[in-house]
Amino acid sequence: QVQLMESGGGLVQAGGSLRLTCEASGSIFSHNAMGWYRQAPGKERELVATAFSGGVTTTADSVTGRFTISRQNGLNTVYLQMNSLKPEDTGVYYCNFRHLSHPIDYWGQGVQVTVSS
């Protein structure tokens, strides 16, 4: 089992910045991926960014250039730096963890991000 603890959500004006943090603990194997998804009201959950243990990172087209994902492997921690936030970035952001050898998803409880116009 893997447990995830998220922090860093909040309310910010458009153009502002927030940083989300997710710490993983439990039975963690070295080859894994940590990422962030978000879900806006009335919409499906969507992938925002992923950071693989080997160093590769990916971001969705909608946030590329504004959001940066990074991680500290030794601490099993992933960060999402969100800059130039827009009202459409509003939603609940969920941390995700997946072992690459086992297609099982672990989820955090979610943090609310609200961007006012």
# chains A, B, ... in the order shown; residues from 1 in each chain; ligands from 1

$ select_by_dssp --residues "chain A" --states "helix (DSSP H, G or I)" --output "count of residues only"
6

$ residues_around --residues "Thr114 (chain A)" --least-positions-apart "3" --cutoff "8 Å" --atoms "only C-alpha atoms" --output "ChimeraX atom specification"
/A:10-12,87,89-91

$ select_by_dssp --residues "region 6-96 of chain A" --states "strand (DSSP E or B)" --output "ChimeraX atom specification"
/A:6-7,10-13,18-26,32-39,46-52,57-59,64,67-72,77-82,91-96

$ write_last_selection --atoms "N, CA and C atoms" --output "short mmCIF file (atom, residue, chain, number, x, y, z; two decimals), in the first residue's frame"
data_model
loop_
_atom_site.label_atom_id
_atom_site.label_comp_id
_atom_site.auth_asym_id
_atom_site.auth_seq_id
_atom_site.Cartn_x
_atom_site.Cartn_y
_atom_site.Cartn_z
N GLU A 6 -1.20 15.33 0.44
CA GLU A 6 -1.10 16.52 -0.39
C GLU A 6 -1.21 17.77 0.46
N SER A 7 -0.63 18.84 -0.05
CA SER A 7 -0.76 20.14 0.60
C SER A 7 -0.55 21.23 -0.44
N GLY A 10 -5.44 26.27 -2.47
CA GLY A 10 -5.94 27.52 -1.92
C GLY A 10 -6.63 28.37 -2.96
N LEU A 11 -6.86 29.61 -2.57
CA LEU A 11 -7.53 30.59 -3.43
C LEU A 11 -6.50 31.61 -3.90
N VAL A 12 -6.52 31.88 -5.19
CA VAL A 12 -5.56 32.84 -5.74
C VAL A 12 -6.22 33.60 -6.88
N GLN A 13 -5.78 34.80 -7.12
CA GLN A 13 -6.30 35.57 -8.24
C GLN A 13 -5.65 35.12 -9.55
N LEU A 18 0.65 29.10 -7.25
CA LEU A 18 0.50 28.18 -6.13
C LEU A 18 1.48 27.03 -6.33
N ARG A 19 1.84 26.40 -5.23
CA ARG A 19 2.70 25.22 -5.30
C ARG A 19 2.05 24.10 -4.52
N LEU A 20 1.85 22.99 -5.19
CA LEU A 20 1.30 21.80 -4.55
C LEU A 20 2.42 20.83 -4.23
N THR A 21 2.26 20.15 -3.10
CA THR A 21 3.23 19.14 -2.67
C THR A 21 2.51 17.84 -2.37
N CYS A 22 3.12 16.74 -2.74
CA CYS A 22 2.57 15.42 -2.43
C CYS A 22 3.69 14.53 -1.94
N GLU A 23 3.50 13.96 -0.76
CA GLU A 23 4.47 13.06 -0.18
C GLU A 23 3.92 11.64 -0.17
N ALA A 24 4.69 10.71 -0.70
CA ALA A 24 4.27 9.31 -0.71
C ALA A 24 5.01 8.55 0.37
N SER A 25 4.29 7.61 0.99
CA SER A 25 4.90 6.76 2.00
C SER A 25 4.29 5.37 1.88
N GLY A 26 4.96 4.41 2.52
CA GLY A 26 4.47 3.04 2.47
C GLY A 26 5.41 2.13 1.69
N ASN A 32 8.72 4.09 -10.47
CA ASN A 32 7.34 4.52 -10.28
C ASN A 32 7.10 5.85 -10.98
N ALA A 33 5.88 6.28 -10.96
CA ALA A 33 5.50 7.57 -11.51
C ALA A 33 4.59 8.27 -10.50
N MET A 34 4.84 9.54 -10.33
CA MET A 34 3.98 10.36 -9.49
C MET A 34 3.45 11.50 -10.34
N GLY A 35 2.22 11.83 -10.13
CA GLY A 35 1.64 12.88 -10.97
C GLY A 35 0.49 13.59 -10.32
N TRP A 36 -0.05 14.52 -11.07
CA TRP A 36 -1.18 15.31 -10.61
C TRP A 36 -2.30 15.23 -11.65
N TYR A 37 -3.49 15.01 -11.15
CA TYR A 37 -4.70 15.09 -11.96
C TYR A 37 -5.55 16.21 -11.36
N ARG A 38 -6.51 16.67 -12.14
CA ARG A 38 -7.46 17.64 -11.61
C ARG A 38 -8.85 17.35 -12.13
N GLN A 39 -9.81 17.80 -11.34
CA GLN A 39 -11.20 17.61 -11.74
C GLN A 39 -11.97 18.87 -11.44
N GLU A 46 -8.76 14.86 -15.22
CA GLU A 46 -7.80 14.90 -16.32
C GLU A 46 -6.38 14.95 -15.79
N LEU A 47 -5.48 14.39 -16.57
CA LEU A 47 -4.07 14.37 -16.21
C LEU A 47 -3.47 15.75 -16.43
N VAL A 48 -2.74 16.23 -15.45
CA VAL A 48 -2.08 17.53 -15.54
C VAL A 48 -0.59 17.36 -15.81
N ALA A 49 0.07 16.52 -15.02
CA ALA A 49 1.52 16.37 -15.17
C ALA A 49 1.96 15.08 -14.50
N THR A 50 3.07 14.52 -15.00
CA THR A 50 3.63 13.29 -14.46
C THR A 50 5.14 13.43 -14.35
N ALA A 51 5.68 12.86 -13.28
CA ALA A 51 7.13 12.81 -13.09
C ALA A 51 7.52 11.37 -12.81
N PHE A 52 8.35 10.80 -13.68
CA PHE A 52 8.79 9.42 -13.51
C PHE A 52 10.05 9.38 -12.66
N THR A 57 9.65 14.01 -17.25
CA THR A 57 8.43 14.68 -16.82
C THR A 57 7.59 15.01 -18.04
N THR A 58 6.30 15.04 -17.85
CA THR A 58 5.37 15.41 -18.91
C THR A 58 4.31 16.33 -18.34
N THR A 59 3.79 17.21 -19.18
CA THR A 59 2.70 18.08 -18.77
C THR A 59 1.65 18.12 -19.87
N THR A 64 1.29 23.45 -20.16
CA THR A 64 2.71 23.55 -20.55
C THR A 64 3.11 25.01 -20.67
N PHE A 67 2.87 25.43 -15.78
CA PHE A 67 3.03 24.51 -14.65
C PHE A 67 4.33 23.72 -14.83
N THR A 68 4.99 23.45 -13.71
CA THR A 68 6.19 22.63 -13.72
C THR A 68 6.08 21.57 -12.65
N ILE A 69 6.32 20.34 -13.04
CA ILE A 69 6.33 19.25 -12.06
C ILE A 69 7.77 18.85 -11.78
N SER A 70 8.06 18.57 -10.53
CA SER A 70 9.39 18.13 -10.15
C SER A 70 9.25 17.15 -8.98
N ARG A 71 10.30 16.41 -8.73
CA ARG A 71 10.24 15.47 -7.61
C ARG A 71 11.60 15.27 -6.99
N GLN A 72 11.55 14.85 -5.73
CA GLN A 72 12.73 14.46 -4.98
C GLN A 72 12.60 12.97 -4.72
N THR A 77 8.69 12.60 -2.97
CA THR A 77 7.87 13.80 -2.95
C THR A 77 7.81 14.41 -4.34
N VAL A 78 6.63 14.86 -4.71
CA VAL A 78 6.46 15.52 -6.00
C VAL A 78 5.84 16.89 -5.78
N TYR A 79 6.26 17.84 -6.59
CA TYR A 79 5.77 19.20 -6.49
C TYR A 79 5.13 19.61 -7.82
N LEU A 80 4.14 20.46 -7.72
CA LEU A 80 3.57 21.07 -8.92
C LEU A 80 3.58 22.58 -8.71
N GLN A 81 4.46 23.24 -9.43
CA GLN A 81 4.52 24.70 -9.38
C GLN A 81 3.61 25.24 -10.45
N MET A 82 2.62 26.00 -10.04
CA MET A 82 1.61 26.51 -10.96
C MET A 82 1.73 28.03 -11.02
N GLY A 91 -10.23 23.71 -9.69
CA GLY A 91 -10.67 22.33 -9.53
C GLY A 91 -10.03 21.68 -8.32
N VAL A 92 -10.34 20.42 -8.14
CA VAL A 92 -9.69 19.63 -7.10
C VAL A 92 -8.51 18.91 -7.75
N TYR A 93 -7.37 19.08 -7.17
CA TYR A 93 -6.14 18.48 -7.69
C TYR A 93 -5.80 17.25 -6.85
N TYR A 94 -5.58 16.15 -7.54
CA TYR A 94 -5.31 14.88 -6.89
C TYR A 94 -3.90 14.40 -7.23
N CYS A 95 -3.20 13.98 -6.21
CA CYS A 95 -1.90 13.35 -6.41
C CYS A 95 -2.13 11.89 -6.76
N ASN A 96 -1.32 11.40 -7.68
CA ASN A 96 -1.42 10.01 -8.13
C ASN A 96 -0.06 9.35 -8.04
#

$ atom_distance --atom1 "CA of Ser101 (chain A)" --atom2 "CA of Gly74 (chain A)"
19.3 Å

$ atom_distance --atom1 "CA of Ile104 (chain A)" --atom2 "CA of Asn73 (chain A)"
19.4 Å

$ atom_distance --atom1 "CA of Gly108 (chain A)" --atom2 "CA of Gln1 (chain A)"
12.5 Å

$ closest_residue --among "A:Ser17, A:Trp107, A:Ser27, A:Arg45" --to "Arg66 (chain A)" --atoms "only C-alpha atoms"
A:Ser17

$ closest_residue --among "A:Asn83, A:Val113, A:Ala14, A:Phe97" --to "Ile28 (chain A)" --atoms "only C-alpha atoms"
A:Phe97

$ closest_residue --among "A:Val111, A:Ser53, A:Gly8, A:Ala40" --to "Arg98 (chain A)" --atoms "only C-alpha atoms"
A:Ser53

$ closest_residue --among "A:Val115, A:Leu100, A:Leu85, A:Ala60" --to "Gly15 (chain A)" --atoms "only C-alpha atoms"
A:Leu85
